[in-house]
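Enquirer: Here you go, one structure.
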Amino acid sequence: MRFQMTPRGFLPGLLLLLTCLMVMVVAASAQGDDALPMEGIEALITGQEGDSDSLLHQVYERRGFEPAWNDEATLAVFIDALSSLADDGLDPADYATGILQEEYWQVQATGTALQRARFDVNATRTFLLALRHLQRGKVDPFAIYERWEVPIAEVTLDPMMVSNAIDTRQFAQAFADARPAYSPYERLRSALAKYRRIQALGGWPTLPPRDQSLRPGETHEDILLLRQRLAMIGETMLSPTDAPDMLPTRYDEALAAAVRRFQERHLLQADGIVGPRTRAALNVPVEARIDQIRANLERARWLLHDLPDTFVLVDIAGYQLSYFRPDGQIWRTRIVVGQPYRQTPSLRSEITHVTVNPTWTIPPTILRQDVLPHVRRDPGYLARHRIQVLDGSGYRLDPFSIDWTRPGNVILRQAAGPGNALGQVVIRFPNQHLVYLHDTPAQALFAQEQRAFSSGCIRVQQVLELVQHLFDDTGTDQHLASLIATGQTRNVPLSRTVPLILSYWTAQADEAGFVTFRPDIYQRDAPLLAALDRPFFLRDER
């Protein structure tokens, strides 16, 4: 087209040119808006890196890159399902529940095609995030615990399931499927709901300070508060409504039994006497107990996946070992774990062999901090404890020839036999901390309720019985008592390795709904709760 630039034809020609250009621009814009829902979604997610975006791409690929969030009703069901994540100890605000609906209305009313595509992708990304948090946890334990070494299993989500859940609005079912499929997790969820109901009622009464302990048989006004406190967590037969003949301010046997149960669940001496430690446990606010449950729900999301049928579980904060045997039986015993400044690590390994009649090579930290101060005061300490002094090549040295203020690279090794710190047997498994399960001559420590006394290794009560179970269940043709009777130090490999998990739980719930709260001996709850409460932002720019 050619325009003649004459005075007479200039103005009409210019108007015609401008009109053509405007039509072309509007048409191109309309064409781009109409084409963007499919092409825009694909463009938004193609080429983005990371597992999250890879799964996101797979979800939309199975949809032919069609939008997923096409109506307000689907979004409303989704927001309702996200709100229910509070029952798992998660914060629904991490998933933009407060702004999703408003954003949807805005992009539907005035948004461009690009904005609508971006909203669709972000809503799907939010769904995937919630599924991941339920399946493997929100917090990365490697980021908050310097010594954490338990591998966290990869997230396993089916892209077709995710897409179908959106189309059928089955968000609640998708969340249920993502949760750990083990009863301890569901019990903790139920416990969280229970304690939040108590919180909504204003919490439980607090027992006032008192110089004297409350003892069975006494009569005191505080006993009425004690009854109310225990009744709120589910103890029955503690109020006049349950037992009309009861004197509410008298410390009777039914109340004493309830106190003993409370003490057992809090790793206190179960004597029925409400002394300072029991009173302190009773007065912990319900909000703190809720946080404790939330922290352990997160630990469950880290660990309660793909557990083997047969394994040994060391519950560090609960001072208990459980052996889940091939026949379905669970063998349990008490343990002693590391002191707060020599913590027993959380780890996952395989029991490979057992050492019978072990010697004990004293680790450098124990040598430096515990043994050398004794030796410097009295070199005869070594002989009394049957400890040999060796050089780096294994040759014996005369302890009286050594300057114990500067002993150099000597090795101290305690001989097998009576008094050996490892007892009669050691259960070994590969780990970088050089810890193991073992016998101990200090059997009296198992009688205490809280047992953080070791230097990091795990002392096991009735460990000889455990070892024989391991021999029998793995087809290892050995009789432990006969091996011990020889007096010889010997490594006995298991015919099959046995999985081992060392884990740290400060709260667990039983089938009746009662929660065992353990002291946080290693102070691991606080950093976990801080990370769990930290806002999580996963929003693309609008």
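Residues in the structure tokens are named by chain (A, B, ... in the order shown) and by number from 1 within that chain; ligands are numbered from 1 in the order shown.
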At most 9 Å is the cut-off: for each residue in stretch 300-371 of chain A with any atom that close to an atom of stretch 416-431 of chain A, write down the nearest atom pair and the distance in Å rounded to one decimal, counting only C-alpha atoms, chain first then increasing number, as a Markdown table.

Expert:
| residue | atom | partner | partner_atom | distance |
| --- | --- | --- | --- | --- |
| A:Leu347 | CA | A:Asn431 | CA | 7.9 |
| A:Arg348 | CA | A:Asn431 | CA | 8.5 |
| A:Ser349 | CA | A:Phe429 | CA | 6.3 |
| A:Glu350 | CA | A:Phe429 | CA | 5.6 |
| A:Ile351 | CA | A:Phe429 | CA | 4.5 |
| A:Thr352 | CA | A:Phe429 | CA | 5.6 |
| A:His353 | CA | A:Arg428 | CA | 5.6 |
| A:Val354 | CA | A:Ile427 | CA | 4.7 |
| A:Thr355 | CA | A:Val426 | CA | 5.0 |
| A:Val356 | CA | A:Val425 | CA | 4.6 |
| A:Asn357 | CA | A:Gln424 | CA | 4.8 |
| A:Pro358 | CA | A:Ala416 | CA | 5.3 |
| A:Thr359 | CA | A:Ala416 | CA | 4.6 |
| A:Trp360 | CA | A:Leu422 | CA | 6.7 |

Enquirer: Would you save the residues of that selection, restricted to N, CA and C atoms, as an mmCIF file, in the first residue's frame?

Expert:
data_model
loop_
_atom_site.group_PDB
_atom_site.id
_atom_site.type_symbol
_atom_site.label_atom_id
_atom_site.label_comp_id
_atom_site.auth_asym_id
_atom_site.auth_seq_id
_atom_site.Cartn_x
_atom_site.Cartn_y
_atom_site.Cartn_z
ATOM 1 N N LEU A 347 21.071 -42.110 64.012
ATOM 2 C CA LEU A 347 21.645 -42.697 62.800
ATOM 3 C C LEU A 347 20.858 -43.924 62.382
ATOM 4 N N ARG A 348 21.179 -44.408 61.190
ATOM 5 C CA ARG A 348 20.579 -45.626 60.647
ATOM 6 C C ARG A 348 21.717 -46.484 60.096
ATOM 7 N N SER A 349 21.750 -47.749 60.491
ATOM 8 C CA SER A 349 22.838 -48.617 60.078
ATOM 9 C C SER A 349 22.349 -50.059 60.044
ATOM 10 N N GLU A 350 23.303 -50.990 59.994
ATOM 11 C CA GLU A 350 23.004 -52.423 59.976
ATOM 12 C C GLU A 350 23.918 -53.119 60.979
ATOM 13 N N ILE A 351 23.328 -53.913 61.865
ATOM 14 C CA ILE A 351 24.130 -54.705 62.796
ATOM 15 C C ILE A 351 24.823 -55.805 62.002
ATOM 16 N N THR A 352 26.143 -55.829 62.065
ATOM 17 C CA THR A 352 26.914 -56.768 61.243
ATOM 18 C C THR A 352 27.532 -57.906 62.039
ATOM 19 N N HIS A 353 28.000 -57.610 63.267
ATOM 20 C CA HIS A 353 28.656 -58.660 64.036
ATOM 21 C C HIS A 353 28.634 -58.330 65.517
ATOM 22 N N VAL A 354 29.018 -59.329 66.288
ATOM 23 C CA VAL A 354 29.040 -59.228 67.743
ATOM 24 C C VAL A 354 30.444 -59.581 68.220
ATOM 25 N N THR A 355 30.953 -58.816 69.190
ATOM 26 C CA THR A 355 32.234 -59.135 69.816
ATOM 27 C C THR A 355 31.966 -59.734 71.191
ATOM 28 N N VAL A 356 32.457 -60.933 71.380
ATOM 29 C CA VAL A 356 32.287 -61.630 72.655
ATOM 30 C C VAL A 356 33.572 -61.480 73.467
ATOM 31 N N ASN A 357 33.419 -61.274 74.786
ATOM 32 C CA ASN A 357 34.564 -61.036 75.676
ATOM 33 C C ASN A 357 35.459 -59.926 75.110
ATOM 34 N N PRO A 358 34.902 -58.730 74.911
ATOM 35 C CA PRO A 358 35.657 -57.670 74.233
ATOM 36 C C PRO A 358 36.728 -57.046 75.120
ATOM 37 N N THR A 359 37.777 -56.591 74.477
ATOM 38 C CA THR A 359 38.677 -55.629 75.115
ATOM 39 C C THR A 359 38.096 -54.241 74.840
ATOM 40 N N TRP A 360 38.626 -53.242 75.546
ATOM 41 C CA TRP A 360 38.127 -51.880 75.320
ATOM 42 C C TRP A 360 39.297 -50.944 75.097
#

Enquirer: Might you pull out every residue within 8 Å of A:Arg342, with only C-alpha atoms counted and same-chain residues fewer than 6 positions away left off, and present them as a ChimeraX atom specification?

Expert: /A:454-456

Enquirer: Any chance you can output those residues with C-alpha atoms as an mmCIF file, in the first residue's frame?

Expert:
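Generated output (selection14.cif):
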data_model
loop_
_atom_site.group_PDB
_atom_site.id
_atom_site.type_symbol
_atom_site.label_atom_id
_atom_site.label_comp_id
_atom_site.auth_asym_id
_atom_site.auth_seq_id
_atom_site.Cartn_x
_atom_site.Cartn_y
_atom_site.Cartn_z
ATOM 1 C CA SER A 454 27.322 -42.888 79.019
ATOM 2 C CA SER A 455 29.904 -41.305 76.729
ATOM 3 C CA GLY A 456 27.722 -41.808 73.663
#

Enquirer: List as a PyMOL selection string the protein and nucleic acid residues near stretch 256-273 of chain A, meaning an atom at most 9 Å away when only C-alpha atoms are counted, but skip any in the same chain fewer than 2 places from it.

Expert: chain A and resi 213-216+226+230+235-236+238+251-254+275+277-278+281-282+318+448-450+514-519

Enquirer: For the residues in that selection, give me N, CA and C atoms as a compact mmCIF listing (two decimals), in the first residue's frame.

Expert:
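Writing the result to out11.txt gives the following:
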# COMPACT_ATOMS: atom_id res chain seq x y z
N SER A 213 5.93 -32.07 99.97
CA SER A 213 5.34 -32.89 98.92
C SER A 213 3.92 -33.32 99.31
N LEU A 214 3.11 -33.53 98.30
CA LEU A 214 1.79 -34.13 98.53
C LEU A 214 1.95 -35.64 98.54
N ARG A 215 1.41 -36.28 99.59
CA ARG A 215 1.58 -37.71 99.74
C ARG A 215 0.23 -38.41 99.88
N PRO A 216 0.15 -39.66 99.43
CA PRO A 216 -1.11 -40.40 99.59
C PRO A 216 -1.53 -40.44 101.06
N LEU A 226 -5.09 -31.12 91.77
CA LEU A 226 -4.40 -32.29 91.21
C LEU A 226 -5.39 -33.20 90.50
N LEU A 230 -5.28 -34.01 86.33
CA LEU A 230 -5.17 -35.34 85.75
C LEU A 230 -6.44 -35.74 84.99
N GLU A 235 -7.60 -39.16 82.81
CA GLU A 235 -7.67 -40.05 83.96
C GLU A 235 -9.10 -40.02 84.52
N THR A 236 -9.67 -41.20 84.72
CA THR A 236 -11.05 -41.29 85.19
C THR A 236 -11.11 -41.63 86.68
N LEU A 238 -11.68 -39.73 89.13
CA LEU A 238 -10.96 -38.77 89.97
C LEU A 238 -11.85 -37.63 90.45
N TYR A 251 -6.18 -37.33 99.37
CA TYR A 251 -5.30 -38.03 98.44
C TYR A 251 -5.52 -39.53 98.63
N ASP A 252 -6.50 -40.09 97.89
CA ASP A 252 -6.83 -41.50 98.05
C ASP A 252 -6.03 -42.37 97.08
N GLU A 253 -6.26 -43.67 97.14
CA GLU A 253 -5.46 -44.62 96.35
C GLU A 253 -5.72 -44.48 94.86
N ALA A 254 -6.97 -44.17 94.47
CA ALA A 254 -7.26 -44.00 93.04
C ALA A 254 -6.46 -42.84 92.47
N GLY A 275 6.28 -34.47 94.45
CA GLY A 275 7.38 -33.62 94.88
C GLY A 275 7.70 -32.57 93.84
N ARG A 277 9.79 -32.35 91.25
CA ARG A 277 9.90 -32.74 89.84
C ARG A 277 8.54 -33.12 89.26
N THR A 278 7.74 -33.83 90.03
CA THR A 278 6.40 -34.18 89.54
C THR A 278 5.54 -32.93 89.42
N ALA A 281 6.46 -31.10 86.28
CA ALA A 281 5.91 -31.75 85.08
C ALA A 281 4.42 -31.50 84.95
N LEU A 282 3.70 -31.51 86.07
CA LEU A 282 2.27 -31.22 86.03
C LEU A 282 1.99 -29.80 85.59
N GLY A 318 13.79 -41.83 75.22
CA GLY A 318 12.93 -42.70 76.02
C GLY A 318 13.69 -43.78 76.76
N GLN A 448 17.34 -46.55 87.37
CA GLN A 448 16.93 -45.15 87.36
C GLN A 448 16.01 -44.88 86.18
N GLU A 449 15.13 -43.90 86.34
CA GLU A 449 14.16 -43.60 85.29
C GLU A 449 14.78 -42.82 84.14
N GLN A 450 15.66 -41.88 84.44
CA GLN A 450 16.34 -41.11 83.40
C GLN A 450 17.81 -41.53 83.41
N PHE A 514 -2.96 -41.63 75.86
CA PHE A 514 -2.07 -40.96 76.80
C PHE A 514 -0.70 -40.74 76.14
N VAL A 515 -0.11 -39.59 76.44
CA VAL A 515 1.16 -39.22 75.82
C VAL A 515 2.29 -39.33 76.84
N THR A 516 3.36 -39.97 76.41
CA THR A 516 4.58 -40.00 77.20
C THR A 516 5.45 -38.83 76.77
N PHE A 517 5.68 -37.91 77.70
CA PHE A 517 6.53 -36.75 77.42
C PHE A 517 7.87 -36.98 78.10
N ARG A 518 8.95 -36.94 77.30
CA ARG A 518 10.29 -37.17 77.83
C ARG A 518 11.05 -35.85 77.94
N PRO A 519 11.92 -35.72 78.93
CA PRO A 519 12.77 -34.53 78.97
C PRO A 519 13.62 -34.44 77.71

Enquirer: Skipping near chain neighbours, those fewer than 5 positions away, what residues fall within 10 Å of A:Arg63 using only C-alpha atoms, listed as a count of residues only?

Expert: 8

Enquirer: What does the distance from atom CA of A:Phe471 to atom CA of A:Ser495 come to in Å, to one decimal?

Expert: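 One can read the atom CA of A:Phe471 to atom CA of A:Ser495 distance as 8.1 Å.
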
Enquirer: Contacts of A:Ala86 at 10 Å or less, counting only C-alpha atoms, minus same-chain residues fewer than 5 places along, as a ChimeraX atom specification?

Expert: /A:81,91-93,189,192-193,294

Enquirer: Grab the residues selected above and save them as a PDB file, in the first residue's frame with C-alpha atoms.

Expert:
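Result saved to result_29.pdb:
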ATOM      1  CA  ALA A  81      -8.005 -29.439  52.878  1.00  0.00           C
ATOM      2  CA  ASP A  91       0.904 -24.089  59.591  1.00  0.00           C
ATOM      3  CA  PRO A  92      -1.738 -23.684  56.843  1.00  0.00           C
ATOM      4  CA  ALA A  93      -0.422 -20.156  56.260  1.00  0.00           C
ATOM      5  CA  ARG A 189      -2.157 -36.557  65.465  1.00  0.00           C
ATOM      6  CA  LEU A 192      -2.414 -33.056  69.159  1.00  0.00           C
ATOM      7  CA  ALA A 193      -6.170 -32.689  68.664  1.00  0.00           C
ATOM      8  CA  ARG A 294       4.299 -30.962  66.864  1.00  0.00           C
TER       9      ARG A 294
END

Enquirer: Would you mind listing what lies within 10 Å of stretch 165-170 of chain A as a list in words, with only C-alpha atoms counted and same-chain residues fewer than 4 positions away left out?

Expert: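 Counting only the stated atoms, we get Ala68, Trp69, Asn70, Ala73, Thr74, Leu75, Ala76, Val77, Phe78, Ala81, Thr124, Phe127, Pro159, Met160, Met161, Ala174 and Phe175 of chain A.
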
Enquirer: Could you state the separation of atom CA of A:Leu55 and atom CA of A:Thr156 in Å, given to one decimal place?

Expert: 10.0 Å

Enquirer: If you run DSSP on the backbone here, which positions in stretch 341-418 of chain A get strand (DSSP E or B)? Please write them as a list of chain:residue names.

Expert: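 Taking stretch 341-418 of chain A and keeping strand (DSSP E or B) gives A:Leu347, A:Arg348, A:Ser349, A:Glu350, A:Ile351, A:Thr352, A:His353, A:Val354, A:Thr355, A:Val356, A:Trp360, A:Thr361, A:Ile387, A:Gln388, A:Val389, A:Leu390, A:Arg396, A:Ile411, A:Leu412, A:Arg413, A:Gln414.
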
Enquirer: Rank A:Pro399, A:Pro208, A:Pro308, A:Gly98 by their smallest atom-to-atom distance to A:Ala280, using only C-alpha atoms, and report the top residue only.

Expert: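 Among A:Pro399, A:Pro208, A:Pro308, A:Gly98, it is A:Pro208 that comes nearest to A:Ala280.
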